[in-house]
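Text of protein_5.csv, listed as CSV, C-alpha atoms:
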chain,number,residue,atom,x,y,z
Z,75,MET,CA,38.2,54.5,7.8
Z,76,SER,CA,36.2,56.0,5.0
Z,77,THR,CA,32.6,55.1,4.4
Z,78,SER,CA,33.4,53.8,0.9
Z,79,VAL,CA,36.0,51.4,2.4
Z,80,LYS,CA,33.5,50.1,5.0
Z,81,VAL,CA,30.9,49.5,2.2
Z,82,VAL,CA,33.4,47.6,0.1
Z,83,GLY,CA,34.4,45.5,3.1
Z,84,ALA,CA,30.8,44.7,3.9
Z,85,SER,CA,30.1,43.7,0.3
Z,86,VAL,CA,33.1,41.4,0.2
Z,87,GLY,CA,32.1,39.8,3.4
Z,88,ALA,CA,28.6,39.2,2.2
Z,89,LEU,CA,29.9,37.7,-1.0
Z,90,LEU,CA,32.1,35.3,1.0
Z,91,VAL,CA,29.2,34.3,3.1
Z,92,LEU,CA,27.0,33.7,0.0
Z,93,GLY,CA,29.8,31.9,-1.7
Z,94,GLY,CA,30.3,29.6,1.2
Z,95,ALA,CA,26.6,28.9,1.5
Z,96,TRP,CA,26.5,28.1,-2.2
Z,97,PHE,CA,29.3,25.6,-2.0
Z,98,TYR,CA,27.8,24.0,1.1
Z,99,ALA,CA,24.4,23.7,-0.5
Z,100,ARG,CA,25.9,22.2,-3.7
Z,101,ALA,CA,28.0,19.7,-1.7
Z,102,GLU,CA,24.9,18.6,0.2
Z,103,ALA,CA,22.8,18.2,-3.0
Z,104,ALA,CA,25.6,16.3,-4.7
Z,105,ALA,CA,26.1,13.8,-1.9
Z,106,ILE,CA,25.6,10.3,-3.3
Z,107,PRO,CA,23.4,8.3,-1.0
Z,108,PRO,CA,25.1,5.2,0.5
Z,109,ALA,CA,23.8,2.0,-0.9
Z,110,GLU,CA,21.0,0.7,1.4
Z,111,GLU,CA,20.6,-2.8,2.7
Z,112,ALA,CA,17.6,-4.7,1.2
Z,113,PRO,CA,14.7,-5.1,3.7
Z,114,ALA,CA,15.1,-8.0,6.1
Z,115,ASP,CA,11.8,-9.3,5.0
Z,116,ALA,CA,10.6,-7.9,1.7
Z,117,GLU,CA,7.2,-9.6,2.1
Z,118,ALA,CA,6.4,-8.2,5.5
Z,119,ALA,CA,3.3,-6.1,5.6
Z,120,ALA,CA,3.6,-2.5,6.9
Z,121,VAL,CA,-0.2,-2.0,6.9
Z,122,VAL,CA,-2.9,-4.6,7.6
Z,123,SER,CA,-6.7,-4.7,7.9
Z,124,ASP,CA,-8.1,-4.3,11.3
Z,125,GLY,CA,-10.4,-7.4,11.1
Z,126,GLY,CA,-11.4,-9.7,8.4
Z,127,GLU,CA,-9.8,-12.8,6.8
Z,128,GLU,CA,-6.8,-12.6,4.5
Z,129,VAL,CA,-7.9,-14.4,1.4
Z,130,ALA,CA,-5.4,-13.5,-1.3
Z,131,TRP,CA,-1.7,-12.5,-1.5
Z,132,SER,CA,0.7,-11.6,-4.3
Z,133,CYS,CA,4.1,-9.9,-4.7
Z,134,GLY,CA,6.2,-8.3,-7.4
Z,135,SER,CA,9.6,-6.6,-7.7
Z,136,GLY,CA,11.4,-4.3,-10.1
Z,137,SER,CA,14.1,-1.7,-10.5
Z,138,TRP,CA,13.6,2.0,-10.5
Z,139,SER,CA,15.5,5.0,-11.8
Z,140,GLU,CA,14.3,8.5,-10.9
Z,141,SER,CA,14.1,11.2,-13.6
Z,142,PRO,CA,17.1,13.5,-13.3
Z,143,SER,CA,16.6,16.6,-11.0
Z,144,SER,CA,18.4,19.7,-12.2
Z,145,SER,CA,19.2,22.9,-10.3
Z,146,PRO,CA,20.5,25.7,-12.5
Z,147,LEU,CA,21.3,27.7,-9.4
Z,148,LEU,CA,23.6,25.0,-8.1
Z,149,LEU,CA,24.9,24.0,-11.6
Z,150,LEU,CA,24.0,20.4,-10.7
Z,151,THR,CA,22.0,17.5,-12.0
Z,152,THR,CA,21.3,14.5,-9.8
Z,153,GLY,CA,19.7,11.1,-10.2
Z,154,ARG,CA,19.0,8.1,-8.0
Z,155,SER,CA,18.2,4.4,-8.7
Z,156,GLY,CA,17.4,1.3,-6.9
Z,157,TRP,CA,15.0,-1.7,-6.3
Z,158,VAL,CA,11.4,-2.0,-5.1
Z,159,ASP,CA,9.6,-5.0,-3.5
Z,160,VAL,CA,5.8,-4.8,-3.5
Z,161,CYS,CA,3.2,-7.1,-1.9
Z,162,MET,CA,-0.6,-6.9,-1.9
Z,163,ARG,CA,-2.8,-8.6,0.6
Z,164,ALA,CA,-6.6,-8.9,0.2
Z,165,TYR,CA,-9.0,-9.3,3.1
Z,166,LEU,CA,-12.7,-10.3,3.1
Z,167,VAL,CA,-14.1,-8.2,5.9
Z,168,GLU,CA,-17.8,-8.8,5.7
Z,169,SER,CA,-20.4,-10.7,3.6
Z,170,SER,CA,-24.0,-9.8,3.5
Z,171,ASP,CA,-27.0,-9.5,1.1
Z,172,GLU,CA,-25.7,-6.0,0.4
Z,173,GLY,CA,-22.4,-7.3,-1.0
Z,174,ASP,CA,-18.9,-8.6,0.0
Z,175,LEU,CA,-16.6,-6.0,1.6
Z,176,TYR,CA,-12.9,-6.4,0.6
Z,177,ARG,CA,-9.9,-4.4,1.6
Z,178,LEU,CA,-6.6,-4.4,-0.3
Z,179,ALA,CA,-3.4,-3.4,1.4
Z,180,VAL,CA,-0.2,-2.7,-0.5
Z,181,THR,CA,3.3,-2.4,1.1
Z,182,ALA,CA,6.3,-1.3,-1.0
Z,183,TYR,CA,9.9,-1.3,0.2
Z,184,TRP,CA,12.2,1.1,-1.7
Z,185,THR,CA,15.9,0.4,-1.7
Z,186,THR,CA,18.3,3.0,-3.0
Z,187,GLU,CA,21.3,1.4,-4.6
Z,188,ASP,CA,23.1,4.1,-6.6
Z,189,GLY,CA,23.1,7.7,-7.8
Z,190,TYR,CA,25.0,10.4,-9.6
Z,191,ALA,CA,25.6,14.1,-9.4
Z,192,VAL,CA,27.1,16.0,-12.4
Z,193,GLY,CA,27.1,19.4,-14.0
Z,194,PRO,CA,24.0,20.1,-16.1
Z,195,TRP,CA,26.2,20.2,-19.2
Z,196,ASP,CA,27.5,16.6,-18.7
Z,197,ARG,CA,26.0,13.7,-20.5
Z,198,VAL,CA,25.0,10.8,-18.2
Z,199,ASP,CA,25.0,7.2,-19.5
Z,200,ALA,CA,22.3,5.9,-17.2
Z,201,GLU,CA,19.3,3.6,-17.3
Z,202,ALA,CA,16.0,4.8,-18.7
Z,203,SER,CA,14.3,6.9,-16.0
Z,204,GLY,CA,10.8,7.7,-14.9
Z,205,PRO,CA,8.3,7.1,-12.1
Z,206,VAL,CA,7.0,3.8,-10.8
Z,207,THR,CA,3.3,3.0,-10.9
Z,208,ILE,CA,1.7,0.5,-8.5
Z,209,GLU,CA,-1.8,-0.7,-9.5
Z,210,VAL,CA,-4.2,-3.1,-7.8
Z,211,SER,CA,-7.5,-4.3,-9.4
Z,212,SER,CA,-10.3,-6.8,-9.1
Z,213,SER,CA,-11.5,-9.0,-11.9
Z,214,VAL,CA,-15.1,-8.1,-10.8
Z,215,ASP,CA,-16.4,-4.6,-11.5
Z,216,PHE,CA,-17.4,-2.6,-8.5
Z,217,GLY,CA,-20.7,-1.6,-10.2
Z,218,ASP,CA,-22.5,1.0,-8.2
Z,219,SER,CA,-20.4,0.3,-5.1
Z,220,ASP,CA,-18.6,3.2,-3.5
Z,221,VAL,CA,-14.8,2.7,-3.9
Z,222,VAL,CA,-12.9,4.0,-0.9
Z,223,THR,CA,-9.2,4.8,-1.1
Z,224,SER,CA,-7.2,6.0,1.8
Z,225,LEU,CA,-4.1,8.0,1.0
Z,226,GLY,CA,-1.2,6.0,2.3
Z,227,PHE,CA,1.9,6.8,4.3
Z,228,SER,CA,5.6,7.1,3.6
Z,229,ALA,CA,8.2,5.9,6.2
Z,230,GLU,CA,11.4,7.9,6.0
Z,231,GLN,CA,14.8,6.6,6.7
Z,232,CYS,CA,14.4,4.2,9.7
Z,233,GLU,CA,15.5,5.2,13.2
Z,234,THR,CA,15.8,2.4,15.7
Z,235,GLY,CA,13.6,2.9,18.7
Z,236,VAL,CA,10.9,5.1,17.2
Z,237,GLU,CA,7.5,3.6,17.7
Z,238,GLY,CA,5.1,3.0,14.8
Z,239,SER,CA,2.0,5.0,14.6
Z,240,GLY,CA,-0.4,2.3,15.8
Z,241,MET,CA,-3.9,3.0,14.4
Z,242,TRP,CA,-3.3,4.8,11.1
Z,243,ASP,CA,-6.8,5.1,9.7
Z,244,GLU,CA,-10.2,3.6,10.5
Z,245,GLY,CA,-10.1,-0.1,9.6
Z,246,TRP,CA,-6.3,-0.2,9.3
Z,247,VAL,CA,-3.3,-0.8,11.5
Z,248,VAL,CA,0.3,0.2,10.7
Z,249,GLU,CA,2.7,-2.5,11.7
Z,250,LEU,CA,6.0,-0.6,11.2
Z,251,ALA,CA,8.2,-1.2,14.2
Z,252,ASP,CA,10.6,1.6,13.4
Z,253,GLY,CA,10.6,4.7,11.2
Z,254,ARG,CA,9.0,8.1,11.0
Z,255,PRO,CA,5.6,8.0,9.3
Z,256,GLY,CA,5.5,10.8,6.8
Z,257,THR,CA,3.2,11.8,4.0
Z,258,LEU,CA,2.9,10.5,0.4
Z,259,PRO,CA,2.7,13.8,-1.3
Z,260,ASP,CA,6.4,14.1,-0.7
Z,261,VAL,CA,7.2,11.1,-2.8
Z,262,MET,CA,4.0,10.5,-4.9
Z,263,SER,CA,3.1,12.5,-8.0
Z,264,GLU,CA,-0.5,11.3,-8.7
Z,265,GLU,CA,-3.1,8.7,-8.0
Z,266,GLY,CA,-6.4,7.5,-9.5
Z,267,THR,CA,-9.2,5.0,-9.5
Z,268,SER,CA,-11.2,3.1,-12.0
Z,269,SER,CA,-14.3,0.8,-11.9
Z,270,THR,CA,-12.1,-2.1,-11.0
Z,271,GLY,CA,-9.2,-0.7,-8.9
Z,272,ALA,CA,-6.8,2.0,-8.1
Z,273,TRP,CA,-3.2,3.1,-8.9
Z,274,TRP,CA,-0.5,5.3,-7.4
Z,275,THR,CA,2.6,6.8,-9.1
Z,276,ILE,CA,5.8,7.3,-7.0
Z,277,ASP,CA,8.3,9.6,-8.6
Z,278,LEU,CA,10.7,10.1,-5.7
Z,279,PRO,CA,11.3,6.6,-4.2
Z,280,SER,CA,14.7,7.6,-2.9
Z,281,GLN,CA,12.9,9.8,-0.3
Z,282,ALA,CA,11.2,6.9,1.4
Z,283,ASP,CA,12.0,3.4,2.7
Z,284,VAL,CA,8.4,2.2,2.8
Z,285,THR,CA,5.1,3.2,1.3
Z,286,GLY,CA,1.7,1.9,2.1
Z,287,HIS,CA,-1.6,2.2,0.2
Z,288,THR,CA,-5.1,0.9,0.9
Z,289,LEU,CA,-8.2,0.3,-1.2
Z,290,GLU,CA,-11.7,-0.7,0.1
Z,291,MET,CA,-14.5,-2.0,-2.2
Z,292,THR,CA,-17.8,-3.8,-2.0
Z,293,LEU,CA,-18.4,-6.4,-4.7
Z,294,PRO,CA,-21.7,-8.2,-5.5
Z,295,PRO,CA,-22.7,-10.9,-3.0
Z,296,GLY,CA,-21.0,-14.2,-3.8
Z,297,SER,CA,-18.4,-12.8,-6.2
Z,298,GLU,CA,-15.3,-14.8,-6.9
Z,299,PRO,CA,-12.8,-12.1,-7.8
Z,300,GLU,CA,-9.2,-12.5,-8.7
Z,301,PHE,CA,-7.0,-9.6,-7.5
Z,302,GLU,CA,-4.1,-8.3,-9.7
Z,303,LEU,CA,-1.0,-6.4,-8.7
Z,304,VAL,CA,1.0,-4.6,-11.4
Z,305,VAL,CA,4.3,-2.8,-10.8
Z,306,SER,CA,5.4,-0.7,-13.8
Z,307,SER,CA,8.5,1.3,-14.3
Z,308,SER,CA,10.6,2.6,-17.2
Z,309,ASP,CA,12.3,-0.8,-17.6
Z,310,GLY,CA,9.0,-2.7,-17.9
Z,311,SER,CA,6.3,-4.2,-15.7
Z,312,VAL,CA,5.6,-7.1,-13.4
Z,313,THR,CA,2.1,-8.6,-13.0
Z,314,ALA,CA,1.0,-10.9,-10.2
Z,315,THR,CA,-2.5,-12.3,-10.1
Z,316,SER,CA,-4.1,-14.2,-7.1
Z,317,PRO,CA,-6.3,-17.3,-7.4
Z,318,ALA,CA,-10.0,-16.6,-7.5
Z,319,VAL,CA,-11.5,-15.9,-4.0
Z,320,SER,CA,-14.8,-17.3,-2.8
Z,321,GLY,CA,-17.0,-14.6,-1.4
Z,322,GLY,CA,-19.7,-14.9,1.2
Go through the file and emit its structure as structure tokens.
Amino acid sequence: MSTSVKVVGASVGALLVLGGAWFYARAEAAAIPPAEEAPADAEAAAVVSDGGEEVAWSCGSGSWSESPSSSPLLLLTTGRSGWVDVCMRAYLVESSDEGDLYRLAVTAYWTTEDGYAVGPWDRVDAEASGPVTIEVSSSVDFGDSDVVTSLGFSAEQCETGVEGSGMWDEGWVVELADGRPGTLPDVMSEEGTSSTGAWWTIDLPSQADVTGHTLEMTLPPGSEPEFELVVSSSDGSVTATSPAVSGG
């Protein structure tokens, strides 16, 4: 067999392998996720304070629809949508002449309900899309207090029998019975703080089942704050405000 024939044969073989890999990759990316079941208890906390008294609680829900993700190489555009259930718990940990130490814990359950995969040239008649922002705040300004935020966790698709992570960060306990704790940078696009609270923006909720966030603050002694939870997405926002809390 001549050298030229061998080269042609090798080239054809390589093209077949690449072509097969392309079709496989495209099929994997185009797979529509099966509709997930809603959480058994949408108000169950995934992260709680290690100590202190729970003094406030509020919840909110809403739908989400991720911004389309396009891959020119795969000639594919995908999108995912679903529902989110969010609850915030406030804990009064310590009261002193220096101030009242509060911790806020936020648990969000992300349920994927639908999705699509089309060619980038196809027009999709879908809901308005965009990220979801979760914000928690106090009616009392922190003043000169140091605001401490702990970057949360993301639990991937649950696997029965996998133990939770136990102590997750100083002052906090993760109560997930199942799941693989992951990292929020995989699903979160940005975060921020202000003089009254903090916020987190999730742009890939289909990549997580549960997310947890925490916020710690010291308010002036004897403050009677209200704590507010806001869940905002492209289809609107939901606000839940707790009754005023009596400090130490």
Using atom CA of Ser213 of chain Z and atom CA of Asp159 of chain Z as the two end points, give the distance in Å to one decimal.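 Interatomic distance here is 23.1 Å.
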For atom CA of Leu303 of chain Z and atom CA of Glu127 of chain Z, quote the distance in Å rounded to one decimal.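 Spanning atom CA of Leu303 of chain Z to atom CA of Glu127 of chain Z is a straight-line distance of 18.9 Å.
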Hey, can you check how far atom CA of Trp184 of chain Z sits from atom CA of Val158 of chain Z?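 Separation of atom CA of Trp184 of chain Z and atom CA of Val158 of chain Z: 4.7 Å.
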Pull the neighbourhood of (-7.1, -0.5, -7.4) for me: all residues within 8 Å in file coordinates, counting all atoms listed in the file, as a list in words.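 Protein and nucleic acid residues near the point are Glu209, Val210, Ser211, Ser212, Thr267, Ser268, Thr270, Gly271, Ala272, Trp273 and Leu289 of chain Z.
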Selected residues written out with C-alpha atoms, as a PDB file, keeping the file's coordinate frame:
ATOM      1  CA  GLU Z 209      -1.800  -0.700  -9.500  1.00  0.00           C
ATOM      2  CA  VAL Z 210      -4.200  -3.100  -7.800  1.00  0.00           C
ATOM      3  CA  SER Z 211      -7.500  -4.300  -9.400  1.00  0.00           C
ATOM      4  CA  SER Z 212     -10.300  -6.800  -9.100  1.00  0.00           C
ATOM      5  CA  THR Z 267      -9.200   5.000  -9.500  1.00  0.00           C
ATOM      6  CA  SER Z 268     -11.200   3.100 -12.000  1.00  0.00           C
ATOM      7  CA  THR Z 270     -12.100  -2.100 -11.000  1.00  0.00           C
ATOM      8  CA  GLY Z 271      -9.200  -0.700  -8.900  1.00  0.00           C
ATOM      9  CA  ALA Z 272      -6.800   2.000  -8.100  1.00  0.00           C
ATOM     10  CA  TRP Z 273      -3.200   3.100  -8.900  1.00  0.00           C
ATOM     11  CA  LEU Z 289      -8.200   0.300  -1.200  1.00  0.00           C
TER      12      LEU Z 289
END
Tell me which protein, DNA and RNA residues are within 6 Å of Val206 of chain Z, counting all atoms listed in the file, leaving out same-chain ones fewer than 5 positions away, and put them as a PyMOL selection string. chain Z and resi 275-276+306-307
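Across Z:Ser141, Z:Ser135, Z:Thr223, Z:Thr285, the tightest approach to Ala182 of chain Z is made by Z:Thr285 when counting all atoms listed in the file.
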Please write as an mmCIF file with C-alpha atoms, in the coordinates of the input the list of polymer residues whose atoms come within 7 Å of (-12.7, -2.3, 2.7), counting all atoms listed in the file and keeping to the coordinates of the file.
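Below is the file that was written, out-v6.cif:
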data_model
loop_
_atom_site.group_PDB
_atom_site.id
_atom_site.type_symbol
_atom_site.label_atom_id
_atom_site.label_comp_id
_atom_site.auth_asym_id
_atom_site.auth_seq_id
_atom_site.Cartn_x
_atom_site.Cartn_y
_atom_site.Cartn_z
ATOM 1 C CA VAL Z 167 -14.100 -8.200 5.900
ATOM 2 C CA LEU Z 175 -16.600 -6.000 1.600
ATOM 3 C CA TYR Z 176 -12.900 -6.400 0.600
ATOM 4 C CA ARG Z 177 -9.900 -4.400 1.600
ATOM 5 C CA LEU Z 289 -8.200 0.300 -1.200
ATOM 6 C CA GLU Z 290 -11.700 -0.700 0.100
ATOM 7 C CA MET Z 291 -14.500 -2.000 -2.200
#
For Leu293 of chain Z, list every protein, DNA or RNA residue within 6 Å, evaluated using all atoms listed in the file, and leave out those in the same chain fewer than 4 positions away; present the list as an MDAnalysis selection string. chainID Z and resid 173:174 216
Which residue is closest to Pro205 of chain Z? Choose from Z:Thr315, Z:Ser139, Z:Thr151, Z:Ser280 and count all atoms listed in the file.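 Result for the nearest residue to Pro205 of chain Z: Z:Ser139.
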From the list Z:Asp215, Z:Glu300, Z:Glu187, Z:Asp243, the nearest residue to Val121 of chain Z using only C-alpha atoms is Z:Asp243
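Closest to Ala120 of chain Z among Z:Val160, Z:Val312, Z:Val305, Z:Leu258 is Z:Val160, based on all atoms listed in the file.
The nearest approach to Glu298 of chain Z among the residues Z:Ala114, Z:Val319, Z:Met262, Z:Ala99, with only C-alpha atoms taken into account, belongs to Z:Val319.
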Write out, as a Markdown table, each residue of segment 92-165 of chain Z that has an atom at most 12 Å from segment 197-204 of chain Z, together with the closest pair of atoms and their distance in Å to one decimal, counting all atoms listed in the file, rows going by chain and rising number.
| residue | atom | partner | partner_atom | distance |
| --- | --- | --- | --- | --- |
| Z:Ser137 | CA | Z:Glu201 | CA | 10.1 |
| Z:Trp138 | CA | Z:Ser203 | CA | 7.4 |
| Z:Ser139 | CA | Z:Ser203 | CA | 4.8 |
| Z:Glu140 | CA | Z:Ser203 | CA | 5.3 |
| Z:Ser141 | CA | Z:Ser203 | CA | 4.9 |
| Z:Pro142 | CA | Z:Ser203 | CA | 7.7 |
| Z:Ser143 | CA | Z:Ser203 | CA | 11.2 |
| Z:Thr151 | CA | Z:Val198 | CA | 9.6 |
| Z:Thr152 | CA | Z:Val198 | CA | 9.9 |
| Z:Gly153 | CA | Z:Ser203 | CA | 9.0 |
| Z:Arg154 | CA | Z:Ser203 | CA | 9.4 |
| Z:Ser155 | CA | Z:Ser203 | CA | 8.6 |
| Z:Gly156 | CA | Z:Glu201 | CA | 10.8 |
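Here the question is which of Z:Cys161, Z:Ala116, Z:Val129, Z:Leu148 gets nearest to Ser320 of chain Z using only C-alpha atoms, and that residue is Z:Val129.
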